[in-house]
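Inspection log for the structure reproduced underneath, given as structure tokens.
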Amino acid sequence: MNAGGGERMLRGSMARRQYPFHLIEPKWQAFWEGQQTFRAFNPGETLPVAHPFAVRHQLGARPVTAKELPSKFYVLDMFPYPSGAGLHVGHPEGYTATDILARYRRAQGQHVLHPMGWDAFGLPAEQYAIRTGQHPRVTTEANISNFKRQIRSLGFSYDWSREVDTTDPEYFRWTQWIFLQLYQAWFNPETQRAEPISTLKYPASMEPGGSGAELDAAALEAQRREYRDARRLAYVSEAPVWWCEALGTVLANEEVIDGRSEVGGHPVVRRPMRQWMLRITAYADRLLRDLDTIQWSDSLKEMQRNWIGRSEGALVDFRVAPESGAAAGAAITVFTTRPDTLFGATYMVLAPEHGLVEALASGAQRAAVDAYRREIAKKSDLERTELAKEKTGVFTGAYALNPVNGARIPIWIADYVLASYGTGAIMAVPAHDTRDFEFATRFELPVLQVVEPPAGVDWKGYVDDGVAVNSAGPEVSLNGLPTPEAKRVITEWLAARGVGRGMVNFKLRDWLFSRQRYWGEPFPIVWRKDAAGVEWHEALPESDLPVLPPRLDDYKPTADGQPPLARAAAWVNREDGSRRELNTMPQWAGSCWYYLRYLDSTNAGRCVGREAEQYWMGTDGQAGATPGVDLYVGGTEHAVLHLLYARFWHKVLFDLGHVSTPEPFFKLVNQGLILGEDGQKMSKSRGNVVNPDDILVEYGADAFRLYEMFMGPLQDTKPWNTKGVEGVYRFLGRVWRLFVDEASETEFEQALTLTEPSAQEALLGRLRVGSSVQDVVADASQLRVLHACIRKVTEDLDGLRFNTAISAMMVFVNEAIGWEVKPASVLRTFLQLLAPLAPHVAEELWDRLHRHLGQVPPSLGYAPWPSFDPAFLVEDTVEIPVQVNGKLRDVIRVAAAAAAADIEAAAKAAPKAQAFLAGKTLKKVIIVPKKMVNLIVA
RNA sequence: GCGCGCGUGGCGGAAUGGCAGACGCGCCAGACUUAGGAUCUGGUUCCGAAAGGAGUGGAGGUUCAAGUCCUCUCGUGCGCACCA
């Protein structure tokens with residue numbers, strides 16, 4: 001906190017501080033740190049006897065067992081990338097919400113784990129290093145320390161003893177270790193889970209003494225190695241990847257948006273390179289299914305479902321017609337979700353990149369095909385999608401035979417068919433597929449109806465279910481069958497004939513896991529050459545972990561396009577002749593498992609200890625424990641990538657027995673975006689960025705926290721309005737004045753102006769609680785106001801409705817400020833309600849209130865959460881609206897327990913209602929006790 | 001194009017099918033004050049002097065009663081986007 005800045009603000013736009021937050025906030029932050037108030041304890045730890053958690057739960061003096069510990073509550077924030085720009089107002093929105101929950105649950109007696117850390121590998125620090133030669137470690141540490149200062153200034157109750165940093169060798173040692181688990185595992189399709197690679201069964205020909213006995217031992221092992229390496233969960237692929245020249249690295253599919261890099265918006269091109277991949281596709285089905293077992297928003301689940309993109313259909317083999325040149329007789333397999341429309345296929349389309357195109361292009365069409373392919377190859381992906389309005393393609397000159405009826409159909413190539421989805425080839429059914437219809441129209445290809453839509457709907461371009469027509473071949477007929485039935489019949493027929501089979505296809509691709517960067521985790525992998533000169537890879541032993549990156553003077557890729565690690569020849573070339581892997585892992589790696597490291601962040605022997613993992617993930621038999629993280633809060637920008645990758649890793653670790661829950665994050669909430677005051681997305685170029693530091697100097701952390709929550713529902717997108725901060729700031733000022741004696745306040749203010757900032761905190765002692773605060777019994781109306789507030793705040797915090805919880809506290813204060821005598825017990829309870837949201841001012845007033853009463857203040861953070869007594873909320877009489885024909889006409893006050901007949905009589909007697917009853921016949925009376933009465937007249 | 005949200009005062013927003021607009025901002029009036037951009041009190045959906053009428057994007061519907069449920073429609077935000 002910058003006291004000088006605060007003084008400047010006082011003389012500037014603000015006339016007067018509502019209360020001395022600038023002294024209170026650092027004071028309590030220092031107190032919490034000194035007391036380690038928010039430490040969470042693992043089973044087996046010995047708690048300090050004086051720690052408020054130990055006191056509350058009567059633990060301490062000896063190691064605590066998991067059974068003795070209260071029920072766990074793991075509330076997690078998405079940890080930030082510590083950028084040089086510092087915190088923006090979006091970060092603390094989620095952090096404030098989780099902090100409120102953490103404090104609330106502690107008060108309720110739960111054992112709260114609320115950690116924070118740093119996702120600190122990443123491109124900006126590396127690019128800065130390239131420009132300046134400054135080691136990314138230096139930049140990263142400076143940024144972390146700035147972020148930490150900012151986060152601490154907001155008074156969040158993190159257990160900093162569990163802080164993690166993905167760039168710390170003691171952290172990424174375990175990131176590398178998890179990679180080795182992936183490397184040493186395969187996905188067994190029979191058990192549908194990952195198993196150690198040692199359980200992999202080899203084909204008979206590769207078994208020693210099998211039909212491959214003619215091979216020598218080395219050749220056999222080479223074969224087995226190739227077979228094995230092709231099945232690992234971490235494997236090497238030569239497939240085309242997205243290369244970004246500007247960033248000097250490849251990117252994952254997910255990091256490429258419209259043909260440009262997600263980071264920086266640089267152009268990317270498709271290029272074949274040797275890359276590490278992770279076999280996430282093996283988990284597609286489980287990643288999809290298990291969404292049903294977790295509490296995420298529907299929209300988020302839907303995004304993940306779309307990304308996984310499951311579709312059921314069939315593979316169908318078409319034969320290339322005999323006269324079609326070099327490829328004659330070859331099979332072209334297509335994937336279709338509509339095998340029932342097979343009789344309507346009037347042409348086929350292959351992706352321009354399809355492997356058979358070369359052999360198919362014949363005669364007169366050869367030149368056209370080559371020209372088209374050259375044209376497509378030149379286009380960036382961006383152009384390909386932009387130009388998608390008009391479909392293009394060329395005829396190959398070849399024909400294929402439809403397996404159902406032998407029909408001879410032309411084979412085209414077109415870029416509307418993607419090489420990377422399905423088989424890269426389709427059968428085109430223009431009558432019942434929009435894209436095929438557009439293409440067929442453009443190139444005047446025949447359109448043949450095979451589905452009869454409901455009456456009145458045009459069959460041309462009809463893509464939904466109907467009844468099959470014109471679908472009879474020599475051996476099979478679908479005519480008259482509804483679409484689902486037709487699909488089933490034809491798929492069975494294709495399978496029986498050996499020309500097709502049912503198939504489930506996914507959009508999800510394997511995860512491209514290597515990057516040509518310096519500032520990331522090195523792979524624990526080396527490369528060797530066998531006797532035949534074939535390169536193969538080998539895992540380093542666990543004892544070699546962590547594999548540290550080498551020191552470099554220059555962080556750029558080498559002149560011949562090698563990653564920067566290649567510059568460290570002494571590091572790359574090992575004494576035994578092997579060479580280290582030059583790639584590093586992507587930034588996602590560290591964030592895939594950080595929530596596990598928090599559970600046991602200093603464990604030197606395991607990524608997470610079993611007992612700690614089972615306690616905090618709720619699988620050790622605690623009654624009602626949530627399986628996994630209880631609440632995970634973060635932005636939607638991670639809806640697919642981080643959350644899908646982390647679920648994938650977690651499932652692998654689960655299969656291999658390292659964690660005990662199938663899903664990591666049980667409940668997840670996305671906080672909404674905070675827009676600038678102009679309603680536009682905050683950005684430097686618009687000049688509408690709000691810096692939390694500025695708000696803190698002027699209004700303090702408590703007002704900032706309160707405002708972030710008061711703006712509206714956590715999940716909603718909402719605009720910032722600094723005037724709104726003033727509103728909650730004034731509220732805190734009223735809370736302050738509820739307690740503090742006016743005369744002492746004035747005296748304090750005057751002393752403040754005469755005292756050096758460094759000595760000001762001592763002046764807080766001059767403030768006294770006002771004489772209207774007395775140790776007296778509260779009256780019924782005061783208790784009603786208090787208990788209504790307890791109920792509302794409790795229910796709203798449970799439902800994450802922070803905005804309405806704050807509103808309820810405002811209602812309480814607006815009432816209480818008018819009381820001539822304020823019962824200390826009522827104010828004390830109110831401070832407990834306020835504490836999770838505005839902890840600093842609550843602590844200060846809590847402390848003063850107890851001293852005022854001559855008591856030693858107990859720990860506010862661990863004081864049991866107040867419960868409300870419905871008895872105090874009961875009112876003798878209630879006000880209920882009187883409607884006539886459904887319209888509000890009057891309001892009557894009746895006894896809460898009034899009989900229906902009495903209510904009816906009172907309603908009829910209500911003066912304003914009577915005016916509408918006069919001369920009418922009463923037809924019906926509807927009475928909802930304590931709610932309303934409706935008189936129906938005609 | 002497809003999928004998922006969301007449309008309520010001047011603004012942010014609140015309302016288990018039961019008094020629409022809680023709470024806050026802003027605005028208006030008043031009190032205190034040398035002063036107010038501090039604080040306190042009252043008012044503030046629209047039309048109307050009032051009585052009263054209208055009102056939750058629009059049009060229908062269900063219901064004694066609809067911001068809330070149903071159908072259609074318009075607008076808007078987000079996600080995916082030639083995924084066969």
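In the structure tokens, chains take the letters A, B, ... in the order shown, each chain's residues start at 1, and ligands count up from 1 in the order shown.
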Give me, as CSV, the closest atom pair and its distance (Å, one decimal) for every residue of chain B within a cut-off of 9 Å of chain A, counting only C-alpha atoms (C1' of nucleotides), rows sorted by chain and rising number.
```
residue,atom,partner,partner_atom,distance
B:G3,C1',A:Glu302,CA,7.9
B:C4,C1',A:Ser299,CA,5.4
B:G5,C1',A:Ser299,CA,7.7
B:G12,C1',A:Met711,CA,6.1
B:G13,C1',A:Gly712,CA,6.2
B:A14,C1',A:Thr804,CA,7.7
B:G18,C1',A:Met932,CA,6.2
B:C19,C1',A:Pro881,CA,5.6
B:A22,C1',A:Ser807,CA,7.9
B:C23,C1',A:Ser807,CA,4.5
B:G24,C1',A:Gly727,CA,6.2
B:C25,C1',A:Gly724,CA,5.6
B:G37,C1',A:Ala15,CA,7.0
B:A38,C1',A:Arg16,CA,6.5
B:C64,C1',A:Ile926,CA,6.5
B:A65,C1',A:Gly886,CA,5.6
B:G79,C1',A:Met303,CA,6.6
B:C80,C1',A:Asn306,CA,7.1
B:C82,C1',A:Tyr416,CA,5.1
B:C83,C1',A:Lys507,CA,6.2
B:A84,C1',A:Thr336,CA,5.7
```
Report task. Select from range 61-150 of chain A everything DSSP, run on the backbone, classes as alpha helix (DSSP H), then give the selection as an NGL selection string. Result -> :A and (90-107 or 123-132 or 136-150)
Query raised in the report: Using only C-alpha atoms (C1' of nucleotides), which residues sit within 7 Å of range 46-63 of chain B once same-chain residues fewer than 5 positions away are excluded, as JSON, numbers by chain?
Result: {"B": [7, 8, 74]}
Report task. Tell me which protein, DNA and RNA residues are within 12 Å of G42 in chain B, counting only C-alpha atoms (C1' of nucleotides), leaving out same-chain ones fewer than 2 positions away, and put them as an MDAnalysis selection string. Result -> chainID B and resid 28:31 40 44
Residues of the last selection are to be written out with N, CA, C and O atoms (P, O5', C5', C4', C3', O3' and C1' of nucleotides), as a PDB file, in the first residue's frame.
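Once everything was written out, this is again-v3.pdb:
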```pdb
ATOM      1  P     C B  28     -29.871  16.911  -9.883  1.00  0.00           P
ATOM      2  O5'   C B  28     -31.324  16.879  -9.230  1.00  0.00           O
ATOM      3  C5'   C B  28     -32.482  17.152 -10.009  1.00  0.00           C
ATOM      4  C4'   C B  28     -33.714  17.050  -9.165  1.00  0.00           C
ATOM      5  C3'   C B  28     -33.667  17.796  -7.829  1.00  0.00           C
ATOM      6  O3'   C B  28     -33.916  19.189  -7.986  1.00  0.00           O
ATOM      7  C1'   C B  28     -34.504  15.632  -7.455  1.00  0.00           C
ATOM      8  P     A B  29     -33.224  20.245  -6.953  1.00  0.00           P
ATOM      9  O5'   A B  29     -34.020  19.986  -5.605  1.00  0.00           O
ATOM     10  C5'   A B  29     -35.383  20.369  -5.507  1.00  0.00           C
ATOM     11  C4'   A B  29     -35.975  19.869  -4.212  1.00  0.00           C
ATOM     12  C3'   A B  29     -35.275  20.328  -2.940  1.00  0.00           C
ATOM     13  O3'   A B  29     -35.592  21.655  -2.577  1.00  0.00           O
ATOM     14  C1'   A B  29     -35.749  18.020  -2.789  1.00  0.00           C
ATOM     15  P     G B  30     -34.499  22.530  -1.775  1.00  0.00           P
ATOM     16  O5'   G B  30     -34.484  21.896  -0.323  1.00  0.00           O
ATOM     17  C5'   G B  30     -35.593  22.052   0.543  1.00  0.00           C
ATOM     18  C4'   G B  30     -35.515  21.099   1.695  1.00  0.00           C
ATOM     19  C3'   G B  30     -34.390  21.319   2.693  1.00  0.00           C
ATOM     20  O3'   G B  30     -34.653  22.383   3.587  1.00  0.00           O
ATOM     21  C1'   G B  30     -34.548  19.016   2.212  1.00  0.00           C
ATOM     22  P     A B  31     -33.442  23.162   4.301  1.00  0.00           P
ATOM     23  O5'   A B  31     -32.886  22.074   5.329  1.00  0.00           O
ATOM     24  C5'   A B  31     -33.670  21.687   6.459  1.00  0.00           C
ATOM     25  C4'   A B  31     -32.900  20.715   7.298  1.00  0.00           C
ATOM     26  C3'   A B  31     -31.547  21.213   7.788  1.00  0.00           C
ATOM     27  O3'   A B  31     -31.676  22.021   8.951  1.00  0.00           O
ATOM     28  C1'   A B  31     -31.317  19.033   6.914  1.00  0.00           C
ATOM     29  P     C B  40     -24.888   8.556   5.679  1.00  0.00           P
ATOM     30  O5'   C B  40     -26.090   9.378   6.320  1.00  0.00           O
ATOM     31  C5'   C B  40     -26.318   9.356   7.717  1.00  0.00           C
ATOM     32  C4'   C B  40     -27.401  10.333   8.081  1.00  0.00           C
ATOM     33  C3'   C B  40     -28.721  10.134   7.339  1.00  0.00           C
ATOM     34  O3'   C B  40     -29.507   9.112   7.922  1.00  0.00           O
ATOM     35  C1'   C B  40     -28.141  12.418   7.285  1.00  0.00           C
ATOM     36  P     U B  44     -41.182   7.366  -4.546  1.00  0.00           P
ATOM     37  O5'   U B  44     -40.301   7.585  -5.861  1.00  0.00           O
ATOM     38  C5'   U B  44     -40.768   8.413  -6.917  1.00  0.00           C
ATOM     39  C4'   U B  44     -39.695   8.568  -7.962  1.00  0.00           C
ATOM     40  C3'   U B  44     -39.112   7.271  -8.497  1.00  0.00           C
ATOM     41  O3'   U B  44     -39.930   6.692  -9.490  1.00  0.00           O
ATOM     42  C1'   U B  44     -37.353   8.765  -8.002  1.00  0.00           C
TER      43        U B  44
END
```
Requested in this report: Would you list the contacts of range 189-205 of chain A as an MDAnalysis selection string, taking every protein, DNA or RNA residue within 9 Å and counting only C-alpha atoms (C1' of nucleotides), but skipping same-chain residues closer than 5 positions in sequence?
Outcome: chainID A and resid 181:184 210:213 224 227:228 231:233 282:283 286 651:656
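Counting from CA of His537 in chain A, the distance to CA of Glu245 in chain A is 26.9 Å.
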Report task. Looking only at strand (DSSP E or B) from DSSP on the backbone, list the matching residues of range 609-770 of chain A as a PyMOL selection string. Result -> chain A and resi 629+631-634+665+667-670+674-675+681+718-719+740+769
Query - Selection near Ser145 in chain A, 12 Å with only C-alpha atoms (C1' of nucleotides), sequence-local residues under 4 positions removed, as a VMD selection string - result: chain A and resid 82 to 84 86 to 87 117 to 118 120 138 to 141 149 to 152 165
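Among the candidates A:Arg580, A:Arg56, A:Lys487, A:Arg62, the one nearest to Leu548 in chain A when counting only C-alpha atoms is A:Arg580.
The two atoms in question, CA of Gln108 in chain A and CA of Ala816 in chain A, are spaced 25.1 Å apart.
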For Asp159 in chain A, find every residue with an atom within 10 Å (counting only C-alpha atoms (C1' of nucleotides)), except residues of its own chain fewer than 6 positions away, and show them as a PDB file with C-alpha atoms, in the first residue's frame.
```pdb
ATOM      1  CA  GLU A  33       0.618 -13.940   7.716  1.00  0.00           C
ATOM      2  CA  GLN A  36      -0.481 -18.494   9.433  1.00  0.00           C
ATOM      3  CA  THR A  37      -4.213 -18.188   9.896  1.00  0.00           C
ATOM      4  CA  PHE A  38      -5.111 -19.884   6.639  1.00  0.00           C
ATOM      5  CA  ARG A  39      -2.727 -22.821   6.715  1.00  0.00           C
ATOM      6  CA  ALA A  40      -4.400 -26.091   5.816  1.00  0.00           C
ATOM      7  CA  PHE A  41      -3.049 -29.268   7.359  1.00  0.00           C
ATOM      8  CA  VAL A 112     -10.515 -25.538   3.644  1.00  0.00           C
ATOM      9  CA  LEU A 113      -7.782 -25.930   1.075  1.00  0.00           C
ATOM     10  CA  HIS A 114      -7.382 -22.671  -0.821  1.00  0.00           C
ATOM     11  CA  PRO A 115      -4.071 -22.455  -2.656  1.00  0.00           C
ATOM     12  CA  MET A 116      -2.493 -20.264  -5.309  1.00  0.00           C
ATOM     13  CA  TYR A 598      -1.174 -28.234  -4.008  1.00  0.00           C
TER      14      TYR A 598
END
```
